[in-house]
Amino acid sequence: MSQTFLTTDELSKRIKYDPRTIRNRLKDSVLLEGKHYIRPFGGRKILYIWEIIEQDIVKFSNQNSIGIPMSQGGYCNG
């Protein structure tokens, strides 16, 4: 399986977010270690996995267009 690994700067160009926003707001809240990014060889360098991030962007943007989530599990389309 082939995966595309991106640095923070490369990811910022693809998703049009500032690198500081990725590091300070998205990393560890939206982008999770082990799923969206790795630290190769146990170092400080972070490499983001593009295919997983792209998949989640599409998945979550489609969910938000459905409607407002309701407490019983449905959606309000009003």
# chains A, B, ... in the order shown; residues from 1 in each chain; ligands from 1

call {"tool": "select_by_dssp", "arguments": {"residues": "chain A", "states": "strand (DSSP E)", "output": "ChimeraX atom specification"}}
result
/A:5-6,37-38,47-49,68-69,75-76

call {"tool": "write_last_selection", "arguments": {"atoms": "C-alpha atoms", "output": "mmCIF file, in the first residue's frame"}}
result
data_model
loop_
_atom_site.group_PDB
_atom_site.id
_atom_site.type_symbol
_atom_site.label_atom_id
_atom_site.label_comp_id
_atom_site.auth_asym_id
_atom_site.auth_seq_id
_atom_site.Cartn_x
_atom_site.Cartn_y
_atom_site.Cartn_z
ATOM 1 C CA PHE A 5 3.760 11.535 3.533
ATOM 2 C CA LEU A 6 3.727 15.332 3.828
ATOM 3 C CA TYR A 37 0.351 11.536 11.193
ATOM 4 C CA ILE A 38 3.408 9.646 12.374
ATOM 5 C CA LEU A 47 4.840 13.395 8.626
ATOM 6 C CA TYR A 48 1.152 13.621 7.726
ATOM 7 C CA ILE A 49 -0.554 10.825 5.775
ATOM 8 C CA ILE A 68 -28.221 19.477 12.252
ATOM 9 C CA PRO A 69 -27.583 16.358 14.369
ATOM 10 C CA TYR A 75 -30.831 15.043 11.496
ATOM 11 C CA CYS A 76 -32.862 18.221 11.161
#

call {"tool": "residues_around", "arguments": {"residues": "A:Ile15", "least_positions_apart": "6", "cutoff": "10 Å", "atoms": "only C-alpha atoms", "output": "VMD selection string"}}
result
chain A and resid 22 53 to 54 57

call {"tool": "select_by_dssp", "arguments": {"residues": "chain A", "states": "alpha helix (DSSP H)", "output": "JSON, numbers by chain"}}
result
{"A": [8, 9, 10, 11, 12, 13, 14, 15, 19, 20, 21, 50, 51, 52, 53, 54, 55, 56, 57, 58, 59, 60, 61, 62, 63, 64]}

call {"tool": "write_last_selection", "arguments": {"atoms": "C-alpha atoms", "output": "short mmCIF file (atom, residue, chain, number, x, y, z; two decimals), in the first residue's frame"}}
result
data_model
loop_
_atom_site.label_atom_id
_atom_site.label_comp_id
_atom_site.auth_asym_id
_atom_site.auth_seq_id
_atom_site.Cartn_x
_atom_site.Cartn_y
_atom_site.Cartn_z
CA THR A 8 3.43 20.49 7.82
CA ASP A 9 4.31 23.04 5.12
CA GLU A 10 3.34 20.67 2.31
CA LEU A 11 0.04 19.83 4.03
CA SER A 12 -0.71 23.52 4.58
CA LYS A 13 -0.42 24.16 0.84
CA ARG A 14 -2.81 21.31 0.03
CA ILE A 15 -5.54 22.16 2.54
CA PRO A 19 1.21 25.81 9.14
CA ARG A 20 0.79 27.37 12.60
CA THR A 21 -2.93 26.56 12.53
CA TRP A 50 -2.32 12.57 2.91
CA GLU A 51 -4.74 9.80 1.86
CA ILE A 52 -6.22 9.47 5.37
CA ILE A 53 -6.57 13.24 5.81
CA GLU A 54 -8.16 13.61 2.36
CA GLN A 55 -10.62 10.80 3.13
CA ASP A 56 -11.64 12.39 6.46
CA ILE A 57 -12.03 15.86 4.91
CA VAL A 58 -14.50 14.49 2.38
CA LYS A 59 -16.28 12.30 4.93
CA PHE A 60 -16.81 15.06 7.50
CA SER A 61 -17.72 17.75 4.96
CA ASN A 62 -20.47 15.46 3.59
CA GLN A 63 -21.80 14.80 7.11
CA ASN A 64 -22.15 18.51 7.85
#

call {"tool": "closest_residue", "arguments": {"among": "A:Gly43, A:Asp18, A:Met70, A:His36", "to": "A:Gln3", "atoms": "only C-alpha atoms"}}
result
A:His36
